[in-house]
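Below is the file protein17.pdb, which contains PDB, C-alpha atoms, pLDDT in the B column.
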ATOM      1  CA  MET A 246      99.047 296.834  32.000  1.00 54.00           C
ATOM      2  CA  ASN A 247     101.142 298.867  34.433  1.00 56.00           C
ATOM      3  CA  ASN A 248     102.888 296.933  37.156  1.00 58.00           C
ATOM      4  CA  PRO A 249     101.839 298.768  40.374  1.00 52.00           C
ATOM      5  CA  LEU A 250     105.095 297.746  42.025  1.00 54.00           C
ATOM      6  CA  ARG A 251     107.053 299.783  39.458  1.00 68.00           C
ATOM      7  CA  ASN A 252     104.639 302.676  38.916  1.00 65.00           C
ATOM      8  CA  PRO A 253     103.757 304.882  41.926  1.00 65.00           C
ATOM      9  CA  ALA A 254     100.667 306.336  40.218  1.00 63.00           C
ATOM     10  CA  ALA A 255      99.321 302.867  39.449  1.00 60.00           C
ATOM     11  CA  ALA A 256     100.058 301.771  43.017  1.00 55.00           C
ATOM     12  CA  GLY A 257      98.069 304.738  44.335  1.00 53.00           C
ATOM     13  CA  ARG A 258      95.086 303.903  42.111  1.00 61.00           C
ATOM     14  CA  LEU A 259      95.267 300.254  43.172  1.00 57.00           C
ATOM     15  CA  CYS A 260      95.288 301.185  46.872  1.00 50.00           C
ATOM     16  CA  ALA A 261      92.392 303.606  46.391  1.00 50.00           C
ATOM     17  CA  GLY A 262      90.421 300.936  44.555  1.00 51.00           C
ATOM     18  CA  ILE A 263      91.033 298.368  47.274  1.00 61.00           C
ATOM     19  CA  ALA A 264      90.017 300.869  49.978  1.00 47.00           C
ATOM     20  CA  LEU A 265      86.801 301.771  48.140  1.00 45.00           C
ATOM     21  CA  GLY A 266      86.051 298.095  47.643  1.00 46.00           C
ATOM     22  CA  LEU A 267      86.485 297.385  51.349  1.00 48.00           C
ATOM     23  CA  VAL A 268      84.223 300.300  52.294  1.00 43.00           C
ATOM     24  CA  TRP A 269      81.587 299.080  49.843  1.00 42.00           C
ATOM     25  CA  MET A 270      81.844 295.483  51.104  1.00 46.00           C
ATOM     26  CA  ASN A 271      81.453 296.645  54.710  1.00 45.00           C
ATOM     27  CA  ALA A 272      78.386 298.687  53.786  1.00 43.00           C
ATOM     28  CA  MET A 273      76.800 295.897  51.744  1.00 42.00           C
ATOM     29  CA  PHE A 274      77.669 292.727  53.603  1.00 43.00           C
ATOM     30  CA  ALA A 275      78.412 293.566  57.220  1.00 44.00           C
ATOM     31  CA  GLY A 276      75.677 292.301  59.499  1.00 42.00           C
ATOM     32  CA  PRO A 277      74.315 294.251  62.438  1.00 41.00           C
ATOM     33  CA  SER A 278      77.142 295.769  64.368  1.00 39.00           C
ATOM     34  CA  ALA A 279      78.093 294.846  67.906  1.00 41.00           C
ATOM     35  CA  ARG A 280      77.337 298.494  68.549  1.00 41.00           C
ATOM     36  CA  ALA A 281      73.596 298.919  68.023  1.00 42.00           C
ATOM     37  CA  GLY A 282      72.574 301.781  65.852  1.00 42.00           C
ATOM     38  CA  SER A 283      76.015 302.060  64.288  1.00 43.00           C
ATOM     39  CA  MET A 284      76.878 301.981  60.641  1.00 36.00           C
ATOM     40  CA  GLY A 285      80.220 300.270  61.008  1.00 41.00           C
ATOM     41  CA  PHE A 286      82.139 297.847  63.146  1.00 43.00           C
ATOM     42  CA  LEU A 287      84.397 300.560  64.610  1.00 39.00           C
ATOM     43  CA  ASP A 288      81.543 302.713  65.958  1.00 45.00           C
ATOM     44  CA  SER A 289      81.970 303.223  69.698  1.00 45.00           C
ATOM     45  CA  ALA A 290      78.309 303.804  70.580  1.00 53.00           C
ATOM     46  CA  PRO A 291      77.228 301.271  73.231  1.00 65.00           C
ATOM     47  CA  LEU A 292      74.538 298.711  72.555  1.00 75.00           C
ATOM     48  CA  GLY A 293      71.416 300.506  73.767  1.00 84.00           C
ATOM     49  CA  THR A 294      69.095 297.626  74.584  1.00 88.00           C
ATOM     50  CA  THR A 295      68.527 295.217  77.428  1.00 90.00           C
ATOM     51  CA  ASP A 296      66.321 292.938  75.324  1.00 93.00           C
ATOM     52  CA  GLY A 297      67.965 289.504  75.171  1.00 94.00           C
ATOM     53  CA  ARG A 298      66.687 288.766  71.679  1.00 95.00           C
ATOM     54  CA  GLN A 299      68.062 292.034  70.291  1.00 94.00           C
ATOM     55  CA  ILE A 300      71.423 291.449  71.958  1.00 93.00           C
ATOM     56  CA  TYR A 301      71.541 287.954  70.423  1.00 94.00           C
ATOM     57  CA  VAL A 302      70.711 289.381  66.983  1.00 94.00           C
ATOM     58  CA  HIS A 303      73.272 292.200  67.185  1.00 90.00           C
ATOM     59  CA  ILE A 304      76.160 290.274  68.732  1.00 89.00           C
ATOM     60  CA  CYS A 305      75.739 286.506  69.009  1.00 91.00           C
ATOM     61  CA  GLN A 306      74.119 285.370  65.791  1.00 92.00           C
ATOM     62  CA  GLY A 307      77.064 286.495  63.683  1.00 89.00           C
ATOM     63  CA  CYS A 308      78.959 283.432  64.922  1.00 89.00           C
ATOM     64  CA  HIS A 309      76.331 281.150  66.451  1.00 93.00           C
ATOM     65  CA  MET A 310      73.929 281.749  63.518  1.00 93.00           C
ATOM     66  CA  PRO A 311      70.303 283.013  63.605  1.00 94.00           C
ATOM     67  CA  ASP A 312      68.999 279.549  64.525  1.00 95.00           C
ATOM     68  CA  ALA A 313      71.761 279.009  67.136  1.00 94.00           C
ATOM     69  CA  GLN A 314      72.998 275.935  65.239  1.00 94.00           C
ATOM     70  CA  GLY A 315      76.587 277.176  65.248  1.00 92.00           C
ATOM     71  CA  ALA A 316      79.050 277.082  62.377  1.00 89.00           C
ATOM     72  CA  VAL A 317      82.356 275.601  61.287  1.00 87.00           C
ATOM     73  CA  GLY A 318      84.631 277.285  58.782  1.00 83.00           C
ATOM     74  CA  ALA A 319      87.149 279.967  59.633  1.00 78.00           C
ATOM     75  CA  GLY A 320      86.591 278.886  63.233  1.00 80.00           C
ATOM     76  CA  HIS A 321      84.408 276.604  65.297  1.00 84.00           C
ATOM     77  CA  PHE A 322      81.326 278.319  66.702  1.00 88.00           C
ATOM     78  CA  PRO A 323      79.350 275.880  68.857  1.00 91.00           C
ATOM     79  CA  ALA A 324      75.635 275.397  68.568  1.00 93.00           C
ATOM     80  CA  LEU A 325      73.610 276.892  71.387  1.00 95.00           C
ATOM     81  CA  ALA A 326      70.417 275.128  70.331  1.00 95.00           C
ATOM     82  CA  LYS A 327      69.424 272.219  72.578  1.00 95.00           C
ATOM     83  CA  ASP A 328      72.752 272.521  74.390  1.00 93.00           C
ATOM     84  CA  PRO A 329      72.941 270.706  77.747  1.00 94.00           C
ATOM     85  CA  ALA A 330      75.947 272.853  78.766  1.00 91.00           C
ATOM     86  CA  LEU A 331      73.561 275.799  78.981  1.00 93.00           C
ATOM     87  CA  GLY A 332      71.991 274.183  82.037  1.00 94.00           C
ATOM     88  CA  SER A 333      74.616 276.134  83.988  1.00 94.00           C
ATOM     89  CA  ARG A 334      73.751 279.808  83.828  1.00 94.00           C
ATOM     90  CA  GLN A 335      77.008 280.566  85.681  1.00 95.00           C
ATOM     91  CA  TYR A 336      79.024 278.820  82.946  1.00 94.00           C
ATOM     92  CA  MET A 337      77.304 280.974  80.332  1.00 95.00           C
ATOM     93  CA  ALA A 338      77.911 284.153  82.332  1.00 95.00           C
ATOM     94  CA  LEU A 339      81.612 283.436  82.807  1.00 94.00           C
ATOM     95  CA  THR A 340      82.002 282.563  79.121  1.00 93.00           C
ATOM     96  CA  ILE A 341      80.383 285.841  78.036  1.00 94.00           C
ATOM     97  CA  LEU A 342      82.253 287.883  80.659  1.00 93.00           C
ATOM     98  CA  MET A 343      85.720 286.436  80.029  1.00 91.00           C
ATOM     99  CA  GLY A 344      85.531 284.839  76.593  1.00 89.00           C
ATOM    100  CA  LYS A 345      86.662 281.344  75.710  1.00 88.00           C
ATOM    101  CA  ARG A 346      88.937 280.096  72.926  1.00 84.00           C
ATOM    102  CA  ASN A 347      87.877 282.074  69.833  1.00 80.00           C
ATOM    103  CA  MET A 348      84.931 283.819  71.546  1.00 85.00           C
ATOM    104  CA  PRO A 349      85.764 287.346  72.678  1.00 87.00           C
ATOM    105  CA  ALA A 350      85.126 288.607  76.202  1.00 89.00           C
ATOM    106  CA  PHE A 351      82.234 291.040  76.596  1.00 90.00           C
ATOM    107  CA  GLY A 352      82.744 291.910  80.276  1.00 88.00           C
ATOM    108  CA  ALA A 353      83.991 295.465  80.863  1.00 82.00           C
ATOM    109  CA  LYS A 354      87.180 294.401  82.622  1.00 80.00           C
ATOM    110  CA  HIS A 355      87.994 291.579  80.193  1.00 83.00           C
ATOM    111  CA  ALA A 356      87.026 292.871  76.713  1.00 79.00           C
ATOM    112  CA  ILE A 357      89.748 293.814  74.241  1.00 80.00           C
ATOM    113  CA  GLY A 358      89.158 295.966  71.177  1.00 74.00           C
ATOM    114  CA  PHE A 359      90.784 294.990  67.892  1.00 72.00           C
ATOM    115  CA  GLY A 360      91.211 298.111  65.782  1.00 74.00           C
ATOM    116  CA  GLY A 361      88.683 300.070  67.831  1.00 74.00           C
ATOM    117  CA  PRO A 362      86.810 300.097  71.092  1.00 78.00           C
ATOM    118  CA  ALA A 363      85.868 296.732  72.562  1.00 78.00           C
ATOM    119  CA  ALA A 364      82.264 295.557  72.422  1.00 82.00           C
ATOM    120  CA  VAL A 365      81.195 295.583  76.063  1.00 87.00           C
ATOM    121  CA  LEU A 366      77.938 294.383  77.598  1.00 91.00           C
ATOM    122  CA  SER A 367      76.615 295.421  80.992  1.00 93.00           C
ATOM    123  CA  GLU A 368      75.690 292.840  83.614  1.00 95.00           C
ATOM    124  CA  VAL A 369      72.008 293.532  82.819  1.00 96.00           C
ATOM    125  CA  GLN A 370      72.620 292.852  79.111  1.00 95.00           C
ATOM    126  CA  ILE A 371      74.610 289.694  79.821  1.00 95.00           C
ATOM    127  CA  ALA A 372      71.826 288.360  82.059  1.00 97.00           C
ATOM    128  CA  ALA A 373      69.219 289.239  79.415  1.00 97.00           C
ATOM    129  CA  VAL A 374      70.971 287.409  76.574  1.00 96.00           C
ATOM    130  CA  ILE A 375      71.679 284.387  78.787  1.00 97.00           C
ATOM    131  CA  ASN A 376      68.024 284.168  79.806  1.00 97.00           C
ATOM    132  CA  TYR A 377      66.958 284.533  76.167  1.00 97.00           C
ATOM    133  CA  VAL A 378      69.251 281.787  74.838  1.00 97.00           C
ATOM    134  CA  ARG A 379      68.420 279.432  77.724  1.00 97.00           C
ATOM    135  CA  THR A 380      64.676 279.666  76.941  1.00 97.00           C
ATOM    136  CA  HIS A 381      64.826 279.608  73.124  1.00 96.00           C
ATOM    137  CA  PHE A 382      66.302 277.443  70.350  1.00 96.00           C
ATOM    138  CA  GLY A 383      65.004 274.243  71.937  1.00 95.00           C
ATOM    139  CA  ASN A 384      66.487 275.082  75.348  1.00 95.00           C
ATOM    140  CA  HIS A 385      64.101 274.886  78.291  1.00 96.00           C
ATOM    141  CA  TYR A 386      66.123 276.199  81.223  1.00 96.00           C
ATOM    142  CA  THR A 387      63.709 278.419  83.119  1.00 94.00           C
ATOM    143  CA  ASP A 388      65.829 279.378  86.151  1.00 96.00           C
ATOM    144  CA  PRO A 389      66.947 282.902  85.200  1.00 96.00           C
ATOM    145  CA  ILE A 390      70.205 284.557  86.084  1.00 97.00           C
ATOM    146  CA  THR A 391      70.156 288.093  87.463  1.00 96.00           C
ATOM    147  CA  ALA A 392      72.463 291.015  86.784  1.00 96.00           C
ATOM    148  CA  ALA A 393      73.535 290.823  90.450  1.00 96.00           C
ATOM    149  CA  GLU A 394      74.656 287.196  89.942  1.00 96.00           C
ATOM    150  CA  VAL A 395      76.597 288.177  86.810  1.00 95.00           C
ATOM    151  CA  SER A 396      78.246 291.007  88.739  1.00 94.00           C
ATOM    152  CA  ALA A 397      79.151 288.683  91.623  1.00 94.00           C
ATOM    153  CA  LEU A 398      80.725 286.205  89.198  1.00 93.00           C
ATOM    154  CA  ASP A 399      82.690 289.016  87.581  1.00 89.00           C
ATOM    155  CA  GLN A 400      83.940 290.260  90.964  1.00 87.00           C
ATOM    156  CA  GLY A 401      85.387 286.795  91.601  1.00 80.00           C
ATOM    157  CA  THR A 402      87.493 286.870  88.424  1.00 66.00           C
ATOM    158  CA  PRO A 403      90.947 288.401  88.020  1.00 59.00           C
TER     159      PRO A 403
END
Target encoding C-alpha cells, full file:
Amino acid sequence: MNNPLRNPAAAGRLCAGIALGLVWMNAMFAGPSARAGSMGFLDSAPLGTTDGRQIYVHICQGCHMPDAQGAVGAGHFPALAKDPALGSRQYMALTILMGKRNMPAFGAKHAIGFGGPAAVLSEVQIAAVINYVRTHFGNHYTDPITAAEVSALDQGTP
C-alpha cells in the first residue's frame, strides 16, 4: 500500500476520500440544523419560526435530547425536564441570550459563529422556546415571559 506521506497522488486521493466521507456523514447523520430549512450546519438562513416546539426541535434537542433529559458524554448537557431552576424565566432568558459554560449564546449581540454565521434567535423566538420548555417535559411553570422582557434583559447586559 502506498504511504500517503511519501506519495503526493496517494495523499490527494486520501484527502478527497476523507472530504467525501465528511460530506456524506453530514448529509446522513446531521440532525435538523440550527438554521431551519437548511441542508447544512453552515447555512446562514435564519430560523423562520416563532413556534417554541419547533425551535426546541431545531436547536435545543441536539444537546438536551428530545425528551429534555439531557446528556453526558463529550460534554455535560443538563436535563430541562422537571427542572426547578426553570422556575426563573429570567434565568432561562439570560442563559439563552448570553450562553453558559458549554452552551452557546443565541442573542444577537452575544452569539459567535464557529466556521460560519452564528445561530441567532430573536427575542420573540427566545420567549417562545422558554415558554414551551417551561410548560412541557414535566415542567408546570405557567407564568410566560414576553419578547419585551427578553429584550429588556438583553439591554441590561454588556
For atom CA of Cys305 of chain A and atom CA of Ile375 of chain A, the interatomic separation in Å (one decimal):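 It comes out at 10.8 Å.
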Quick one: contact table of segment 305-360 of chain A to segment 391-402 of chain A, 10 Å max, nearest atom pair and distance in Å to one decimal per residue, counting only C-alpha atoms, chain and number order, as a tab-separated table?
residue	atom	partner	partner_atom	distance
A:Arg334	CA	A:Val395	CA	9.3
A:Gln335	CA	A:Leu398	CA	7.6
A:Tyr336	CA	A:Leu398	CA	9.8
A:Met337	CA	A:Val395	CA	9.7
A:Ala338	CA	A:Val395	CA	6.2
A:Leu339	CA	A:Leu398	CA	7.0
A:Ile341	CA	A:Val395	CA	9.8
A:Leu342	CA	A:Asp399	CA	7.0
A:Met343	CA	A:Asp399	CA	8.5
A:Gly352	CA	A:Asp399	CA	7.9
A:Ala353	CA	A:Asp399	CA	9.4
A:Lys354	CA	A:Asp399	CA	8.6
A:His355	CA	A:Asp399	CA	9.4
Gap from atom CA of Ala372 of chain A to atom CA of Pro389 of chain A - Å, one decimal: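 Computing the Euclidean distance for atom CA of Ala372 of chain A and atom CA of Pro389 of chain A yields 8.0 Å.
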Kindly list the centre and edge lengths in Å, rounded to one decimal, for the axis-aligned box that covers all listed atoms of segment 297-314 of chain A plus 8 Å on each of its six sides, as AutoDock Vina command-line options.
--center_x 72.8 --center_y 284.1 --center_z 69.3 --size_x 28.3 --size_y 32.3 --size_z 27.7
Residue among A:Gly307, A:Gly332, A:Pro362, A:Gly293 lying closest to Ile390 of chain A, counting all atoms listed in the file: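 The closest residue to Ile390 of chain A is A:Gly332.
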Length of the atom CA of Ile371 of chain A to atom CA of His309 of chain A vector [Å]: 16.0 Å
Shell of 9 Å around Thr340 of chain A, only C-alpha atoms, local chain residues under 5 positions omitted, as a PDB file with C-alpha atoms, keeping the file's coordinate frame:
ATOM      1  CA  GLN A 335      77.008 280.566  85.681  1.00 95.00           C
ATOM      2  CA  LYS A 345      86.662 281.344  75.710  1.00 88.00           C
ATOM      3  CA  MET A 348      84.931 283.819  71.546  1.00 85.00           C
ATOM      4  CA  PRO A 349      85.764 287.346  72.678  1.00 87.00           C
ATOM      5  CA  ALA A 350      85.126 288.607  76.202  1.00 89.00           C
ATOM      6  CA  PHE A 351      82.234 291.040  76.596  1.00 90.00           C
TER       7      PHE A 351
END
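Distance annotation: of A:Ala356, A:Ala330, A:Leu366, A:Ala316, the residue with the minimal separation from Val378 of chain A is A:Ala330; atom set is only C-alpha atoms.
With distances taken over all atoms listed in the file, A:Val374 is the one residue among A:Val374, A:Arg379, A:Glu368, A:Asp328 lying closest to Gln306 of chain A.
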Nearest to Ala363 of chain A by atom-to-atom distance, counting all atoms listed in the file, from A:Thr380, A:Arg346, A:Leu331, A:Leu292: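 Closest residue, counting all atoms listed in the file: A:Leu292.
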For Thr295 of chain A, the nearest of the candidates A:Ser367, A:Tyr386, A:Met310, A:Gly358, counting only C-alpha atoms: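 Comparing A:Ser367, A:Tyr386, A:Met310, A:Gly358 against Thr295 of chain A, the winner is A:Ser367.
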Shortest interatomic distance to Asn347 of chain A - which of A:Val302, A:Cys308, A:Ala324, A:Val365, counting all atoms listed in the file: A:Cys308
10 Å contact set for Thr294 of chain A, only C-alpha atoms, chain neighbours under 3 positions out, as number ranges by chain: A: 281, 291, 297-300, 366, 369-370, 373
Could all heavy atoms be built for segment 356-367 of chain A and written out as a PDB file, in the frame of the given file?
ATOM      1  N   ALA A 356      87.155 292.673  78.159  1.00 79.00           N
ATOM      2  CA  ALA A 356      87.026 292.871  76.713  1.00 79.00           C
ATOM      3  C   ALA A 356      88.242 293.598  76.149  1.00 79.00           C
ATOM      4  O   ALA A 356      88.820 294.465  76.794  1.00 79.00           O
ATOM      5  CB  ALA A 356      85.755 293.655  76.408  1.00 79.00           C
ATOM      6  N   ILE A 357      88.615 293.208  74.941  1.00 80.00           N
ATOM      7  CA  ILE A 357      89.748 293.814  74.241  1.00 80.00           C
ATOM      8  C   ILE A 357      89.257 294.246  72.863  1.00 80.00           C
ATOM      9  O   ILE A 357      88.656 293.464  72.141  1.00 80.00           O
ATOM     10  CB  ILE A 357      90.907 292.809  74.082  1.00 80.00           C
ATOM     11  CG1 ILE A 357      91.405 292.350  75.442  1.00 80.00           C
ATOM     12  CG2 ILE A 357      92.033 293.410  73.257  1.00 80.00           C
ATOM     13  CD1 ILE A 357      92.397 291.204  75.375  1.00 80.00           C
ATOM     14  N   GLY A 358      89.528 295.480  72.502  1.00 74.00           N
ATOM     15  CA  GLY A 358      89.158 295.966  71.177  1.00 74.00           C
ATOM     16  C   GLY A 358      90.242 295.634  70.168  1.00 74.00           C
ATOM     17  O   GLY A 358      91.419 295.714  70.465  1.00 74.00           O
ATOM     18  N   PHE A 359      89.846 295.263  68.980  1.00 72.00           N
ATOM     19  CA  PHE A 359      90.784 294.990  67.892  1.00 72.00           C
ATOM     20  C   PHE A 359      90.552 296.027  66.806  1.00 72.00           C
ATOM     21  O   PHE A 359      89.613 295.915  66.047  1.00 72.00           O
ATOM     22  CB  PHE A 359      90.586 293.571  67.341  1.00 72.00           C
ATOM     23  CG  PHE A 359      90.869 292.514  68.355  1.00 72.00           C
ATOM     24  CD1 PHE A 359      89.848 291.901  69.053  1.00 72.00           C
ATOM     25  CD2 PHE A 359      92.173 292.145  68.614  1.00 72.00           C
ATOM     26  CE1 PHE A 359      90.117 290.927  69.998  1.00 72.00           C
ATOM     27  CE2 PHE A 359      92.451 291.168  69.553  1.00 72.00           C
ATOM     28  CZ  PHE A 359      91.428 290.560  70.250  1.00 72.00           C
ATOM     29  N   GLY A 360      91.373 297.063  66.778  1.00 74.00           N
ATOM     30  CA  GLY A 360      91.211 298.111  65.782  1.00 74.00           C
ATOM     31  C   GLY A 360      90.205 299.171  66.173  1.00 74.00           C
ATOM     32  O   GLY A 360      89.886 300.046  65.400  1.00 74.00           O
ATOM     33  N   GLY A 361      89.671 299.100  67.355  1.00 74.00           N
ATOM     34  CA  GLY A 361      88.683 300.070  67.831  1.00 74.00           C
ATOM     35  C   GLY A 361      88.257 299.703  69.230  1.00 74.00           C
ATOM     36  O   GLY A 361      88.816 298.788  69.840  1.00 74.00           O
ATOM     37  N   PRO A 362      87.266 300.390  69.735  1.00 78.00           N
ATOM     38  CA  PRO A 362      86.810 300.097  71.092  1.00 78.00           C
ATOM     39  C   PRO A 362      86.234 298.684  71.188  1.00 78.00           C
ATOM     40  O   PRO A 362      85.660 298.171  70.232  1.00 78.00           O
ATOM     41  CB  PRO A 362      85.720 301.131  71.347  1.00 78.00           C
ATOM     42  CG  PRO A 362      85.745 302.067  70.207  1.00 78.00           C
ATOM     43  CD  PRO A 362      86.541 301.469  69.108  1.00 78.00           C
ATOM     44  N   ALA A 363      86.395 298.081  72.335  1.00 78.00           N
ATOM     45  CA  ALA A 363      85.868 296.732  72.562  1.00 78.00           C
ATOM     46  C   ALA A 363      84.348 296.776  72.666  1.00 78.00           C
ATOM     47  O   ALA A 363      83.768 297.752  73.135  1.00 78.00           O
ATOM     48  CB  ALA A 363      86.451 296.166  73.851  1.00 78.00           C
ATOM     49  N   ALA A 364      83.703 295.717  72.221  1.00 82.00           N
ATOM     50  CA  ALA A 364      82.264 295.557  72.422  1.00 82.00           C
ATOM     51  C   ALA A 364      82.067 295.087  73.855  1.00 82.00           C
ATOM     52  O   ALA A 364      82.569 294.030  74.233  1.00 82.00           O
ATOM     53  CB  ALA A 364      81.696 294.547  71.442  1.00 82.00           C
ATOM     54  N   VAL A 365      81.384 295.880  74.642  1.00 87.00           N
ATOM     55  CA  VAL A 365      81.195 295.583  76.063  1.00 87.00           C
ATOM     56  C   VAL A 365      79.708 295.514  76.368  1.00 87.00           C
ATOM     57  O   VAL A 365      78.935 296.354  75.916  1.00 87.00           O
ATOM     58  CB  VAL A 365      81.864 296.665  76.940  1.00 87.00           C
ATOM     59  CG1 VAL A 365      81.572 296.437  78.406  1.00 87.00           C
ATOM     60  CG2 VAL A 365      83.362 296.689  76.696  1.00 87.00           C
ATOM     61  N   LEU A 366      79.320 294.504  77.137  1.00 91.00           N
ATOM     62  CA  LEU A 366      77.938 294.383  77.598  1.00 91.00           C
ATOM     63  C   LEU A 366      77.892 294.619  79.098  1.00 91.00           C
ATOM     64  O   LEU A 366      78.796 294.207  79.822  1.00 91.00           O
ATOM     65  CB  LEU A 366      77.391 292.985  77.292  1.00 91.00           C
ATOM     66  CG  LEU A 366      77.230 292.618  75.812  1.00 91.00           C
ATOM     67  CD1 LEU A 366      76.821 291.157  75.678  1.00 91.00           C
ATOM     68  CD2 LEU A 366      76.223 293.526  75.145  1.00 91.00           C
ATOM     69  N   SER A 367      76.819 295.234  79.557  1.00 93.00           N
ATOM     70  CA  SER A 367      76.615 295.421  80.992  1.00 93.00           C
ATOM     71  C   SER A 367      76.153 294.109  81.607  1.00 93.00           C
ATOM     72  O   SER A 367      75.755 293.171  80.900  1.00 93.00           O
ATOM     73  CB  SER A 367      75.560 296.505  81.230  1.00 93.00           C
ATOM     74  OG  SER A 367      74.278 296.026  80.842  1.00 93.00           O
TER      75      SER A 367
END
